[in-house]
Each structure stands twice: as structure tokens, then as C-alpha cells.
>>> print(open('upload-v9.cif').read())   # mmCIF, C-alpha atoms
data_coords
#
loop_
_atom_site.label_atom_id
_atom_site.label_comp_id
_atom_site.auth_asym_id
_atom_site.auth_seq_id
_atom_site.Cartn_x
_atom_site.Cartn_y
_atom_site.Cartn_z
CA MET A 1 -48.62 121.78 -162.25
CA VAL A 2 -46.61 119.35 -164.30
CA SER A 3 -49.64 117.02 -164.45
CA SER A 4 -51.65 119.73 -166.24
CA MET A 5 -48.95 120.06 -168.88
CA LYS A 6 -48.98 116.28 -169.25
CA ASN A 7 -52.78 116.35 -169.67
CA LEU A 8 -52.47 118.96 -172.39
CA ILE A 9 -49.79 116.99 -174.25
CA PHE A 10 -51.92 113.86 -173.88
CA ILE A 11 -54.97 115.61 -175.37
CA ALA A 12 -52.81 116.92 -178.23
CA LEU A 13 -51.48 113.43 -178.97
CA VAL A 14 -54.96 111.88 -178.82
CA SER A 15 -56.20 114.57 -181.21
CA TRP A 16 -53.43 113.78 -183.67
CA PHE A 17 -54.19 110.06 -183.33
CA ILE A 18 -57.90 110.61 -184.03
CA ALA A 19 -56.94 112.89 -186.92
CA GLY A 20 -54.77 110.10 -188.33
CA CYS A 21 -57.54 107.50 -188.05
CA ALA A 22 -60.09 109.82 -189.61
CA SER A 23 -58.01 110.39 -192.74
CA ASN A 24 -58.96 107.07 -194.32
CA ASN A 25 -58.73 106.21 -197.98
CA THR A 26 -62.21 107.36 -199.01
CA SER A 27 -61.79 110.52 -201.06
CA VAL A 28 -63.49 113.74 -200.01
CA TYR A 29 -65.15 113.56 -203.44
CA SER A 30 -66.80 110.22 -202.56
CA GLN A 31 -67.75 111.41 -199.09
CA LEU A 32 -69.51 114.38 -200.70
CA GLY A 33 -71.52 112.03 -202.89
CA GLY A 34 -69.63 112.51 -206.13
CA GLN A 35 -70.38 114.63 -209.18
CA PRO A 36 -73.99 115.71 -208.42
CA LYS A 37 -72.94 117.28 -205.10
CA VAL A 38 -69.88 118.95 -206.63
CA GLU A 39 -72.11 120.48 -209.33
CA GLN A 40 -74.66 121.58 -206.73
CA ILE A 41 -71.97 123.33 -204.66
CA VAL A 42 -70.60 125.15 -207.71
CA ASP A 43 -74.11 126.16 -208.87
CA ASN A 44 -74.88 127.48 -205.40
CA PHE A 45 -71.56 129.35 -205.35
CA ILE A 46 -72.40 131.02 -208.68
CA THR A 47 -75.77 132.07 -207.26
CA GLU A 48 -74.02 133.51 -204.18
CA ILE A 49 -71.68 135.48 -206.45
CA GLU A 50 -74.54 136.80 -208.59
CA PHE A 51 -76.23 138.31 -205.56
CA ASP A 52 -73.03 139.69 -204.02
CA PRO A 53 -71.85 143.14 -205.22
CA ILE A 54 -68.22 142.64 -204.06
CA MET A 55 -67.72 139.28 -205.75
CA PHE A 56 -69.81 140.09 -208.82
CA GLU A 57 -67.37 142.89 -209.65
CA TYR A 58 -64.65 140.26 -210.27
CA PHE A 59 -66.96 138.22 -212.50
CA LYS A 60 -68.87 140.87 -214.48
CA ASP A 61 -66.88 140.21 -217.69
CA SER A 62 -66.54 136.44 -217.17
CA ASP A 63 -68.03 133.63 -219.22
CA ILE A 64 -70.08 132.06 -216.42
CA GLY A 65 -70.68 128.85 -218.41
CA ARG A 66 -66.95 128.29 -218.75
CA PHE A 67 -66.35 129.26 -215.10
CA ARG A 68 -68.94 126.69 -214.02
CA GLU A 69 -67.43 123.91 -216.14
CA LYS A 70 -63.84 124.57 -215.03
CA MET A 71 -64.68 125.06 -211.37
CA ILE A 72 -66.58 121.76 -211.31
CA GLU A 73 -63.53 120.06 -212.83
CA HIS A 74 -61.20 121.75 -210.38
CA LEU A 75 -63.28 120.96 -207.30
CA CYS A 76 -63.66 117.34 -208.46
CA PHE A 77 -59.88 117.11 -209.04
CA LEU A 78 -58.90 118.76 -205.71
CA THR A 79 -61.25 116.54 -203.67
CA GLY A 80 -59.76 113.40 -205.22
CA GLY A 81 -62.45 112.69 -207.83
CA PRO A 82 -61.89 111.08 -211.24
CA CYS A 83 -61.45 114.36 -213.13
CA GLU A 84 -58.73 116.18 -214.97
CA TYR A 85 -58.58 119.94 -214.57
CA THR A 86 -58.29 121.41 -218.06
CA GLY A 87 -58.56 125.10 -217.17
CA ASP A 88 -55.86 127.72 -216.76
CA THR A 89 -53.74 127.65 -213.61
CA MET A 90 -55.03 129.57 -210.60
CA VAL A 91 -52.16 132.03 -211.06
CA GLN A 92 -53.10 132.64 -214.73
CA VAL A 93 -56.78 133.09 -213.86
CA HIS A 94 -56.19 135.58 -211.05
CA THR A 95 -53.22 137.57 -212.38
CA GLY A 96 -54.22 141.20 -212.84
CA MET A 97 -57.31 140.85 -210.66
CA ASN A 98 -55.40 141.95 -207.56
CA VAL A 99 -57.74 139.95 -205.30
CA THR A 100 -57.36 141.40 -201.81
CA GLU A 101 -57.16 139.27 -198.71
CA SER A 102 -60.47 140.61 -197.39
CA ASP A 103 -62.23 139.86 -200.70
CA PHE A 104 -60.69 136.37 -200.69
CA ASN A 105 -62.00 135.80 -197.14
CA HIS A 106 -65.38 137.06 -198.29
CA GLY A 107 -65.27 134.58 -201.19
CA VAL A 108 -64.56 131.76 -198.73
CA ASP A 109 -67.60 132.81 -196.69
CA LEU A 110 -69.74 132.66 -199.86
CA PHE A 111 -68.31 129.23 -200.70
CA ILE A 112 -69.20 128.03 -197.18
CA ALA A 113 -72.73 129.41 -197.72
CA ALA A 114 -72.87 127.44 -201.00
CA MET A 115 -71.91 124.25 -199.14
CA ASN A 116 -74.46 124.98 -196.40
CA LYS A 117 -77.21 125.31 -199.03
CA ALA A 118 -76.05 122.01 -200.55
CA ASP A 119 -76.49 120.37 -197.11
CA VAL A 120 -72.80 119.44 -196.82
CA PRO A 121 -72.16 118.52 -193.15
CA HIS A 122 -69.77 120.76 -191.24
CA PRO A 123 -66.90 118.21 -190.85
CA LEU A 124 -66.99 117.49 -194.57
CA GLN A 125 -67.03 121.23 -195.37
CA ASN A 126 -63.77 121.51 -193.42
CA LYS A 127 -62.20 118.70 -195.45
CA VAL A 128 -63.19 120.45 -198.69
CA LEU A 129 -61.73 123.73 -197.39
CA ALA A 130 -58.55 121.90 -196.33
CA VAL A 131 -57.86 120.70 -199.91
CA MET A 132 -58.70 124.12 -201.36
CA ALA A 133 -56.74 126.21 -198.82
CA PRO A 134 -53.31 125.74 -200.48
CA THR A 135 -54.60 127.51 -203.64
CA ARG A 136 -54.92 130.78 -201.70
CA LYS A 137 -51.34 131.79 -202.42
CA GLU A 138 -52.09 131.33 -206.17
CA ILE A 139 -55.09 133.66 -205.93
CA ILE A 140 -54.45 136.75 -203.78
CA TYR A 141 -52.43 139.87 -204.65
CA LEU A 142 -51.62 138.90 -208.25
CA MET B 1 -63.86 132.70 -191.51
CA ILE B 2 -66.06 132.86 -188.45
CA GLY B 3 -64.30 131.95 -185.23
CA THR B 4 -60.80 132.82 -186.43
CA ALA B 5 -60.71 136.10 -184.50
CA GLY B 6 -60.31 134.19 -181.27
CA LEU B 7 -60.91 135.79 -177.91
CA THR B 8 -59.32 138.33 -175.60
CA GLN B 9 -57.33 136.90 -172.71
CA VAL B 10 -57.37 138.23 -169.13
CA GLU B 11 -54.53 140.72 -169.75
CA GLY B 12 -56.25 142.23 -172.81
CA SER B 13 -54.28 140.59 -175.62
CA GLY B 14 -55.91 138.58 -178.38
CA GLY B 15 -55.79 134.96 -177.34
CA GLY B 16 -57.62 132.29 -175.57
CA GLY B 17 -58.75 132.97 -172.01
CA ILE B 18 -55.51 133.04 -169.98
CA VAL B 19 -52.89 132.67 -172.74
CA PRO B 20 -51.99 135.15 -175.52
CA TRP B 21 -52.18 133.71 -179.04
CA ALA B 22 -50.38 134.67 -182.24
CA THR B 23 -53.74 135.77 -183.67
CA LEU B 24 -54.74 139.42 -183.49
CA SER B 25 -58.04 140.41 -181.87
CA GLY B 26 -60.29 140.88 -184.88
CA TYR B 27 -61.25 139.70 -188.32
CA ASP B 28 -59.23 142.41 -190.06
CA SER B 29 -57.27 141.52 -193.18
CA ARG B 30 -54.32 143.38 -194.66
CA GLU B 31 -56.67 146.18 -195.74
CA GLN B 32 -58.69 146.57 -192.56
CA VAL B 33 -58.68 147.88 -189.01
CA SER B 34 -60.84 146.31 -186.32
CA VAL B 35 -61.73 147.28 -182.78
CA SER B 36 -63.07 144.99 -180.09
CA ALA B 37 -64.09 145.19 -176.45
CA THR B 38 -64.14 142.56 -173.72
CA ALA B 39 -65.54 142.07 -170.25
CA THR B 40 -64.34 139.08 -168.23
CA GLN B 41 -64.95 137.82 -164.73
CA VAL B 42 -63.15 134.95 -163.02
CA ASP B 43 -64.85 134.07 -159.74
CA VAL B 44 -62.85 131.64 -157.57
CA ASP B 45 -63.24 130.69 -153.91
CA ASN B 46 -61.50 133.61 -152.18
CA TYR B 47 -61.04 136.09 -155.04
CA ARG B 48 -62.82 137.57 -158.02
CA LEU B 49 -61.06 139.05 -161.04
CA ASN B 50 -62.96 141.62 -163.10
CA MET B 51 -61.38 142.73 -166.34
CA LEU B 52 -62.42 145.31 -168.93
CA GLY B 53 -60.43 145.58 -172.10
CA ALA B 54 -60.36 147.14 -175.53
CA SER B 55 -58.09 146.45 -178.43
CA ALA B 56 -57.48 147.66 -181.96
CA SER B 57 -55.92 145.55 -184.65
CA PHE B 58 -54.31 147.18 -187.69
CA TYR B 59 -54.02 145.56 -191.13
CA ASP B 60 -53.63 142.05 -189.67
CA ARG B 61 -50.18 143.14 -188.47
CA LEU B 62 -50.32 145.08 -185.20
CA GLU B 63 -52.54 144.86 -182.15
CA VAL B 64 -52.70 147.51 -179.43
CA SER B 65 -54.67 146.71 -176.29
CA VAL B 66 -55.58 148.28 -172.97
CA ALA B 67 -57.02 146.48 -169.97
CA HIS B 68 -58.10 147.33 -166.48
CA GLN B 69 -58.18 144.60 -163.84
CA ARG B 70 -59.90 144.78 -160.48
CA PHE B 71 -59.09 141.85 -158.21
CA ASP B 72 -61.62 141.59 -155.39
CA LEU B 73 -60.36 140.08 -152.13
CA LYS B 74 -63.62 138.38 -151.21
CA SER B 75 -62.57 137.04 -147.82
CA LEU B 76 -60.30 139.93 -146.71
CA GLY B 77 -62.24 142.81 -148.25
CA GLY B 78 -60.84 145.45 -150.57
CA ASP B 79 -59.35 145.06 -154.01
CA ILE B 80 -56.20 145.36 -156.11
CA ARG B 81 -56.30 147.33 -159.37
CA GLN B 82 -53.92 147.04 -162.28
CA ASN B 83 -53.71 148.64 -165.74
CA ILE B 84 -52.12 146.92 -168.70
CA VAL B 85 -51.05 148.20 -172.10
CA GLY B 86 -50.26 145.54 -174.68
CA VAL B 87 -48.68 145.51 -178.12
CA LYS B 88 -48.47 142.51 -180.42
CA TYR B 89 -46.81 142.24 -183.82
CA ARG B 90 -47.52 139.46 -186.29
CA VAL B 91 -44.16 138.27 -187.57
CA TYR B 92 -45.19 135.49 -189.92
CA GLY B 93 -48.02 133.52 -191.40
CA ASP B 94 -51.74 133.08 -191.41
CA VAL B 95 -53.37 130.97 -188.72
CA VAL B 96 -55.45 129.08 -191.30
CA TYR B 97 -53.64 129.29 -194.64
CA SER B 98 -49.87 129.30 -194.18
CA ASP B 99 -47.92 126.03 -194.12
CA TRP B 100 -46.27 126.93 -190.80
CA PRO B 101 -48.05 128.38 -187.74
CA GLN B 102 -48.77 132.07 -187.42
CA ILE B 103 -46.05 133.63 -185.24
CA SER B 104 -46.36 136.84 -183.22
CA VAL B 105 -44.28 138.64 -180.63
CA GLY B 106 -45.76 140.89 -177.97
CA LEU B 107 -45.38 142.70 -174.71
CA GLN B 108 -47.68 143.57 -171.83
CA HIS B 109 -46.72 146.54 -169.65
CA LYS B 110 -48.45 146.33 -166.28
CA ARG B 111 -48.78 148.91 -163.54
CA LEU B 112 -50.53 148.53 -160.19
CA GLU B 113 -52.64 151.49 -159.08
CA ASP B 114 -51.63 150.95 -155.47
CA ASN B 115 -48.52 149.11 -154.28
CA ALA B 116 -49.65 148.45 -150.68
CA ILE B 117 -50.46 144.75 -151.06
CA ALA B 118 -47.53 144.08 -153.42
CA ASN B 119 -45.21 145.55 -150.76
CA LEU B 120 -46.91 143.58 -148.02
CA VAL B 121 -46.25 140.24 -149.73
CA GLY B 122 -42.64 141.17 -150.51
CA ALA B 123 -42.74 142.14 -154.19
CA GLN B 124 -39.82 144.23 -155.48
CA ASP B 125 -41.78 146.42 -157.95
CA ASP B 126 -45.30 147.70 -158.63
CA SER B 127 -44.85 147.68 -162.39
CA GLY B 128 -43.32 145.36 -164.92
CA THR B 129 -43.32 144.22 -168.53
CA ASP B 130 -43.89 140.71 -169.89
CA PHE B 131 -42.48 139.72 -173.28
CA TYR B 132 -43.83 136.77 -175.24
CA VAL B 133 -43.67 134.91 -178.51
CA ALA B 134 -46.67 132.84 -179.59
CA ALA B 135 -47.32 130.32 -182.37
CA THR B 136 -50.87 129.40 -183.39
CA LYS B 137 -52.25 127.09 -186.08
CA VAL B 138 -55.67 125.94 -187.26
CA HIS B 139 -55.75 122.54 -188.94
CA LEU B 140 -58.84 122.38 -191.15
CA GLY B 141 -60.83 119.20 -190.67
CA ALA B 142 -57.99 117.61 -188.67
CA VAL B 143 -60.01 115.87 -185.93
CA GLY B 144 -62.65 113.74 -187.60
CA GLY B 145 -63.45 116.64 -189.92
CA TYR B 146 -63.50 119.23 -187.14
CA ASN B 147 -61.05 122.11 -187.09
CA LEU B 148 -58.26 121.84 -184.53
CA VAL B 149 -56.54 124.94 -183.15
CA TRP B 150 -53.43 124.92 -181.01
CA ASN B 151 -51.25 127.64 -179.55
CA VAL B 152 -47.96 127.64 -177.68
CA ALA B 153 -46.39 130.69 -176.10
CA ALA B 154 -43.19 131.44 -174.20
CA ARG B 155 -43.33 134.38 -171.81
CA ALA B 156 -40.48 136.15 -170.05
CA THR B 157 -41.93 137.59 -166.85
CA LYS B 158 -41.26 138.74 -163.31
CA ALA B 159 -44.97 139.09 -162.48
CA ASN B 160 -46.50 137.54 -159.37
CA GLN B 161 -50.04 136.32 -160.08
CA MET B 162 -50.03 138.15 -163.42
CA GLY B 163 -48.75 141.32 -161.66
CA LEU B 164 -51.62 141.63 -159.17
CA LEU B 165 -49.12 140.81 -156.40
CA GLY B 166 -46.39 142.95 -157.93
CA PHE B 167 -43.20 141.96 -159.71
CA GLY B 168 -40.21 140.02 -158.43
CA GLY B 169 -39.73 138.88 -154.85
CA SER B 170 -37.41 137.54 -152.21
CA GLN B 171 -37.09 134.11 -153.86
CA ASN B 172 -36.38 135.49 -157.32
CA ASP B 173 -36.11 138.94 -158.89
CA SER B 174 -35.06 137.99 -162.43
CA TYR B 175 -37.00 137.34 -165.59
CA GLU B 176 -37.98 133.71 -165.99
CA LEU B 177 -39.26 131.95 -169.09
CA MET B 178 -42.73 130.40 -168.71
CA ALA B 179 -44.50 127.98 -171.08
CA GLU B 180 -48.14 128.47 -172.01
CA ALA B 181 -50.36 126.41 -174.29
CA SER B 182 -53.90 126.06 -175.57
CA ILE B 183 -55.71 123.45 -177.60
CA GLY B 184 -59.25 123.56 -178.92
CA VAL B 185 -61.63 121.96 -181.37
CA LEU B 186 -64.36 123.84 -183.25
CA PHE B 187 -67.34 121.50 -183.22
CA SER B 188 -69.30 123.76 -185.54
CA ARG B 189 -68.84 127.28 -186.87
CA HIS B 190 -70.39 128.43 -183.59
CA PHE B 191 -68.99 126.22 -180.79
CA ALA B 192 -65.46 125.55 -179.62
CA LEU B 193 -64.20 123.39 -176.75
CA GLY B 194 -60.72 123.40 -175.36
CA MET B 195 -58.15 123.57 -172.62
CA GLU B 196 -55.41 125.96 -171.61
CA TYR B 197 -52.32 125.84 -169.44
CA ARG B 198 -50.15 128.64 -168.09
CA GLN B 199 -46.94 128.08 -166.17
CA LYS B 200 -46.20 130.63 -163.42
CA PRO B 201 -43.14 131.63 -161.41
CA ASP B 202 -43.01 131.62 -157.61
CA ASN B 203 -40.94 134.73 -156.91
CA LEU B 204 -42.56 135.46 -153.54
CA GLY B 205 -42.17 131.99 -152.06
CA LEU B 206 -45.93 131.83 -151.48
CA GLY B 207 -46.35 128.62 -153.47
CA GLU B 208 -47.76 130.25 -156.61
CA GLU B 209 -49.05 127.53 -158.94
CA ASP B 210 -49.68 127.08 -162.65
CA TRP B 211 -53.12 127.86 -164.11
CA THR B 212 -55.38 125.67 -166.19
CA ASP B 213 -58.84 126.06 -167.65
CA PHE B 214 -61.34 124.11 -169.70
CA PHE B 215 -63.48 126.33 -171.93
CA VAL B 216 -66.49 126.34 -174.18
CA THR B 217 -66.99 129.27 -176.52
CA TYR B 218 -70.20 130.21 -178.30
CA ILE B 219 -69.72 132.36 -181.40
CA PRO B 220 -73.19 133.29 -182.74
CA SER B 221 -71.76 135.80 -185.23
CA LYS B 222 -68.56 137.61 -186.14
CA ASP B 223 -69.71 140.45 -183.89
CA PHE B 224 -69.97 138.62 -180.61
CA SER B 225 -68.70 135.66 -178.61
CA LEU B 226 -69.32 134.28 -175.16
CA THR B 227 -66.88 132.03 -173.29
CA LEU B 228 -67.55 129.97 -170.20
CA ALA B 229 -64.68 128.13 -168.53
CA TRP B 230 -63.79 126.19 -165.44
CA ALA B 231 -60.57 127.71 -164.13
CA ASP B 232 -58.10 126.21 -161.66
CA LEU B 233 -55.82 128.99 -160.43
CA GLY B 234 -54.14 126.93 -157.72
CA SER B 235 -52.79 128.72 -154.66
CA ILE B 236 -53.08 132.53 -154.52
CA ALA B 237 -51.38 134.46 -151.68
CA GLY B 238 -51.58 131.50 -149.33
CA ALA B 239 -55.21 130.56 -150.15
CA SER B 240 -54.96 127.16 -151.78
CA ASP B 241 -57.06 125.43 -154.39
CA GLN B 242 -58.68 128.48 -155.98
CA LYS B 243 -61.19 127.22 -158.54
CA GLY B 244 -64.24 128.71 -160.17
CA LEU B 245 -66.08 129.99 -163.19
CA TYR B 246 -64.60 132.14 -165.92
CA LEU B 247 -67.09 134.13 -167.98
CA SER B 248 -66.14 136.41 -170.85
CA PHE B 249 -68.00 138.52 -173.41
CA ASN B 250 -66.23 139.71 -176.52
CA GLY B 251 -67.71 142.15 -179.00
CA GLN B 252 -66.38 143.42 -182.32
CA LEU B 253 -67.13 147.14 -182.41
CA TRP B 254 -65.70 147.85 -185.83
#
>>> encode(input="upload-v9.cif", output="C-alpha cells")
Amino acid sequence: MVSSMKNLIFIALVSWFIAGCASNNTSVYSQLGGQPKVEQIVDNFITEIEFDPIMFEYFKDSDIGRFREKMIEHLCFLTGGPCEYTGDTMVQVHTGMNVTESDFNHGVDLFIAAMNKADVPHPLQNKVLAVMAPTRKEIIYL
Amino acid sequence: MIGTAGLTQVEGSGGGGIVPWATLSGYDSREQVSVSATATQVDVDNYRLNMLGASASFYDRLEVSVAHQRFDLKSLGGDIRQNIVGVKYRVYGDVVYSDWPQISVGLQHKRLEDNAIANLVGAQDDSGTDFYVAATKVHLGAVGGYNLVWNVAARATKANQMGLLGFGGSQNDSYELMAEASIGVLFSRHFALGMEYRQKPDNLGLGEEDWTDFFVTYIPSKDFSLTLAWADLGSIAGASDQKGLYLSFNGQLW
């Protein structure tokens, strides 16, 4: 039925329209609640890593204090907060680690768990993931 | 990420409910193999489709699927049985992370167990192969913060009612290109709502119509999902306005 195809196209267009309206000028950083929430997410993420054998392997020789500081900066910067990222590039950090796709996906799951434990609502979690997603190609298989 | 494995469509390929997607049926990455199984029933006014399927997905690159369909003729009695072998190859991209949509190409080879009804309605063959290309993309947080997924597919086919009424017919015996599409929104990590559309040829001159469905999927874990849909299958073999419930269970075995 042609009308069904029209319905589908209509729904697609409405979705795009809603998507456009929803992307207002308030930064994801502000929607999160600023620096305290960013720090809470990163602290939770570090706890997730500490209790996870797969992820801990990548971090066993890391300076966790420095990782915490730089990841807070990076997350603040990526979500549109008033921060400058002063750490190494994602490519520099991950080169030689040979992070596999499955371990990356596992890391994303831990990061989602960290956001859950920081009471970040699901739609806002997706917006955080959307700004972080482009860094994947600077992380895996290096 | 939970939910990104998608479902298994009625012909056994990874997809939505009635449309194949570019995604492969599993959560496997480039290092992994996954195996899943599906049971689906579509119960409309005069017919009932029962489908059992299994598929294996290799290294996020290749999917191989098998499906058995039993199509009960509720008003006439009896049934039609068909077996389908499917192969899908991911050509490009990642449904979540790449800039452009994930693209896959695939085929579904279908063979009826008994050609009696296909012959009766004037089909030319009791077996046939569909070829398709599909593009699928997830947009993170795109609809008010909720993840949007869309899929479009083009299918070259001679199948009548998916092959259940054979392949080719008196009106047309050539491959025709059909458009298929799906759109859905994930309202949490565990619930998705959406709609699908599948264009169909009318080779037999029996007024075969396009299919649509509206679905809700519940994904309690990466191991299991349950989909309920309202399907409108239009006219089938002269019985018009075939509508009813679509119910599908999908389990990740490995």
C-alpha cells in the first residue's frame, strides 16, 4: 500500500523534526548538572574498572589519579562544559594497547553502568554516548 | 550495547520482524561468533504462520541462517511448508559507531516442501532465491534523547507471499525490485517501539498486497527478547484484509 509507505516516511520526518527541536542550546554538560555529576560518573567508572578483570588488565600499570583527572577534563570538554582537555590524544593513549572491539563494547557497558549508578536518566545517557561515540575510531585496534 | 543485536525476521535473517536489516543476528564483535534461535507466530484471520529459525553470526561479518515455515490454512485446512537458507555479508560500517549506515548484502534461498498449492495458484516454480541490500543506522539520543534506529532494504524477488505460494506467475515471471523499511525508537535499554513496511509483487494476479506492522520489543537481557506486533498482511490468496498478532521469541544461545 502506498499509504503505508507514506505513513512510514511521515513518521521518519516527524522523528527528525522532534530530534531537531530537542537539540537545543543547553549543553549536555549543563543537562547533566555540571562538574559534580561528571566527577561522579568518572569515579563510578573507575570503580567499575577496578572490579572488572577484563578492563582492569588495561589499567593495571596506569596512574589512576592522572586517569581520573584527565577523563574528567575530557568528559567535561566533550559534553560542552567549560574545560580544556590537557591530556594526550586518544590515539596516543591507546596506541599499543590493541583494544579489541569486544573489549571496547564491554567498556561502553561499564560506562553505562557508571551513569546508571550516578542516576543519569536514559535519554541523557544517550546524549553523552553520542558525543563520545566518535572517539571509538581513535581507541580500537591501535 | 544491549538491544543492538536486533531481532530475527520471518525468513530467518537478522532484522526486524518482516524486513531484513544490515545488522547480523547477535552481539558478536570482530573476535566473536554468536548463535541465536527464534520462534515466531503470525496469526491472521484465515492463516497462521509458524516459523522456527536458527542463525550463526561470524566475527561481525557473516551471518548464516536456516528457517522452517509452516503456513496453516485455518479456513481450508492443511498447511504449506517451506525451508529457507540465508546468508548475509556485512559490507561496511557499524550500526552505532560509523558515520554512514551499516550496509549488508544477503540472499535467501527458499524451497517449498510440496508444490501442490503453488501449482494450483499458477506459480512457475517451487523454489527461488531473493537477493537484498540493507542499510541500517542507530542515531544515539536523536529523538528527545532516545535512540532512533532506521533500516531500508531493496529486495530482488520472484516470490509470491514470501515464497509460500511459489515463485513467479502468469502476470509476471521476472525478478522485481521491492522496497522495505523499518523505523523504531528505543524508549529505554529494554523497550523499543516501531513500524515496518514491506512492498510485495503481484505475480499471480491474486491482488497480493504490501505488508506493514507496528511492533513493541521487550529486551530484558542480551540473552533474550520478546516482540509483539500488529501485522497487516493485506490480501492473501483471495482472502482479503488479513490482520492479526505477531509474536516472536529470540534467544542468544552462544
>>> resolve_selection(input="upload-v9.cif", expression="the PyMOL selection byres ((chain A and resi 106) around 12)", output="ChimeraX atom specification")
/A:48-49,52-56,99-105,107-113 /B:1-2,27-29
>>> interface_residues(input="upload-v9.cif", of="chain B", to="chain A", cutoff="6 Å", atoms="all atoms listed in the file", output="list in words")
Ser29, Leu140, Gly141, Ala142, Val143, Gly144, Gly145, Tyr146 and Asp210 of chain B
>>> atom_distance(input="upload-v9.cif", atom1="CA of Gly86 (chain B)", atom2="CA of Gln102 (chain B)")
18.6 Å
>>> atom_distance(input="upload-v9.cif", atom1="CA of Ile103 (chain B)", atom2="CA of Glu176 (chain B)")
20.9 Å
>>> atom_distance(input="upload-v9.cif", atom1="CA of Ser188 (chain B)", atom2="CA of Gly6 (chain B)")
14.4 Å
>>> residues_near_point(input="upload-v9.cif", point="(-39.7, 141.0, -162.5)", cutoff="7 Å", atoms="all atoms listed in the file", output="list of chain:residue names")
B:Gly128, B:Thr157, B:Lys158, B:Ala159, B:Phe167, B:Gly168, B:Asp173, B:Ser174, B:Tyr175
>>> resolve_selection(input="upload-v9.cif", expression="the PyMOL selection byres ((chain A and resi 68-74) around 7)", output="list in words")
Val38, Glu39, Val42, Ile64, Gly65, Arg66, Phe67, Leu75, Cys76, Phe77, Leu78, Cys83, Glu84, Tyr85 and Gly87 of chain A
>>> closest_residue(input="upload-v9.cif", among="A:Asn98, A:Thr79, A:Thr86, A:Asn44", to="Gln31 (chain A)", atoms="only C-alpha atoms")
A:Thr79
>>> residues_around(input="upload-v9.cif", residues="Pro20 (chain B)", least_positions_apart="3", cutoff="9 Å", atoms="only C-alpha atoms", output="ChimeraX atom specification")
/B:8-17,23,106,132-134,151-153,180-181
>>> closest_residue(input="upload-v9.cif", among="B:Gly234, B:Val42, B:Ser34, B:Gln124", to="Gly163 (chain B)", atoms="only C-alpha atoms")
B:Gln124
>>> closest_residue(input="upload-v9.cif", among="B:Gln82, B:Ser65, B:Gln108, B:Ser57", to="Thr38 (chain B)", atoms="all atoms listed in the file")
B:Ser65
>>> residues_around(input="upload-v9.cif", residues="Leu7 (chain B)", least_positions_apart="4", cutoff="12 Å", atoms="all atoms listed in the file", output="PyMOL selection string")
chain B and resi 3+11-27+36-40+53-55+192+215-219+222-228+247-252
>>> closest_residue(input="upload-v9.cif", among="A:Tyr141, A:Lys117, A:Asp61, A:Gly80", to="Gly96 (chain A)", atoms="all atoms listed in the file")
A:Tyr141
>>> build_atoms(input="upload-v9.cif", residues="region 74-80 of chain A", atoms="all heavy atoms", output="CSV table (one decimal), keeping the file's coordinate frame")
chain,number,residue,atom,x,y,z
A,74,HIS,N,-62.2,121.5,-211.4
A,74,HIS,CA,-61.2,121.8,-210.4
A,74,HIS,C,-61.6,121.2,-209.0
A,74,HIS,O,-60.7,120.6,-208.3
A,74,HIS,CB,-61.0,123.3,-210.3
A,74,HIS,CG,-59.6,123.6,-209.8
A,74,HIS,ND1,-59.3,124.9,-209.4
A,74,HIS,CD2,-58.5,122.9,-209.6
A,74,HIS,CE1,-58.1,124.9,-208.9
A,74,HIS,NE2,-57.6,123.7,-209.0
A,75,LEU,N,-62.8,121.4,-208.6
A,75,LEU,CA,-63.3,121.0,-207.3
A,75,LEU,C,-63.3,119.4,-207.3
A,75,LEU,O,-62.9,118.8,-206.3
A,75,LEU,CB,-64.7,121.5,-207.0
A,75,LEU,CG,-65.2,121.3,-205.6
A,75,LEU,CD1,-64.3,121.8,-204.5
A,75,LEU,CD2,-66.6,122.0,-205.4
A,76,CYS,N,-63.7,118.8,-208.4
A,76,CYS,CA,-63.7,117.3,-208.5
A,76,CYS,C,-62.2,116.8,-208.3
A,76,CYS,O,-61.9,115.9,-207.6
A,76,CYS,CB,-64.3,116.9,-209.8
A,76,CYS,SG,-64.0,115.2,-210.2
A,77,PHE,N,-61.3,117.5,-209.1
A,77,PHE,CA,-59.9,117.1,-209.0
A,77,PHE,C,-59.3,117.3,-207.6
A,77,PHE,O,-58.6,116.4,-207.1
A,77,PHE,CB,-59.1,117.9,-210.1
A,77,PHE,CG,-57.6,117.8,-210.0
A,77,PHE,CD1,-57.0,116.6,-210.5
A,77,PHE,CD2,-56.8,118.8,-209.4
A,77,PHE,CE1,-55.6,116.5,-210.4
A,77,PHE,CE2,-55.5,118.6,-209.4
A,77,PHE,CZ,-54.9,117.5,-209.9
A,78,LEU,N,-59.5,118.5,-207.0
A,78,LEU,CA,-58.9,118.8,-205.7
A,78,LEU,C,-59.4,117.8,-204.6
A,78,LEU,O,-58.7,117.5,-203.7
A,78,LEU,CB,-59.2,120.2,-205.3
A,78,LEU,CG,-58.4,121.3,-206.0
A,78,LEU,CD1,-58.9,122.7,-205.6
A,78,LEU,CD2,-56.9,121.2,-205.8
A,79,THR,N,-60.7,117.4,-204.7
A,79,THR,CA,-61.2,116.5,-203.7
A,79,THR,C,-61.0,115.1,-203.9
A,79,THR,O,-61.5,114.2,-203.2
A,79,THR,CB,-62.8,116.8,-203.5
A,79,THR,OG1,-63.4,116.6,-204.8
A,79,THR,CG2,-63.1,118.1,-203.0
A,80,GLY,N,-60.2,114.8,-205.0
A,80,GLY,CA,-59.8,113.4,-205.2
A,80,GLY,C,-60.7,112.6,-206.1
A,80,GLY,O,-60.7,111.4,-206.2
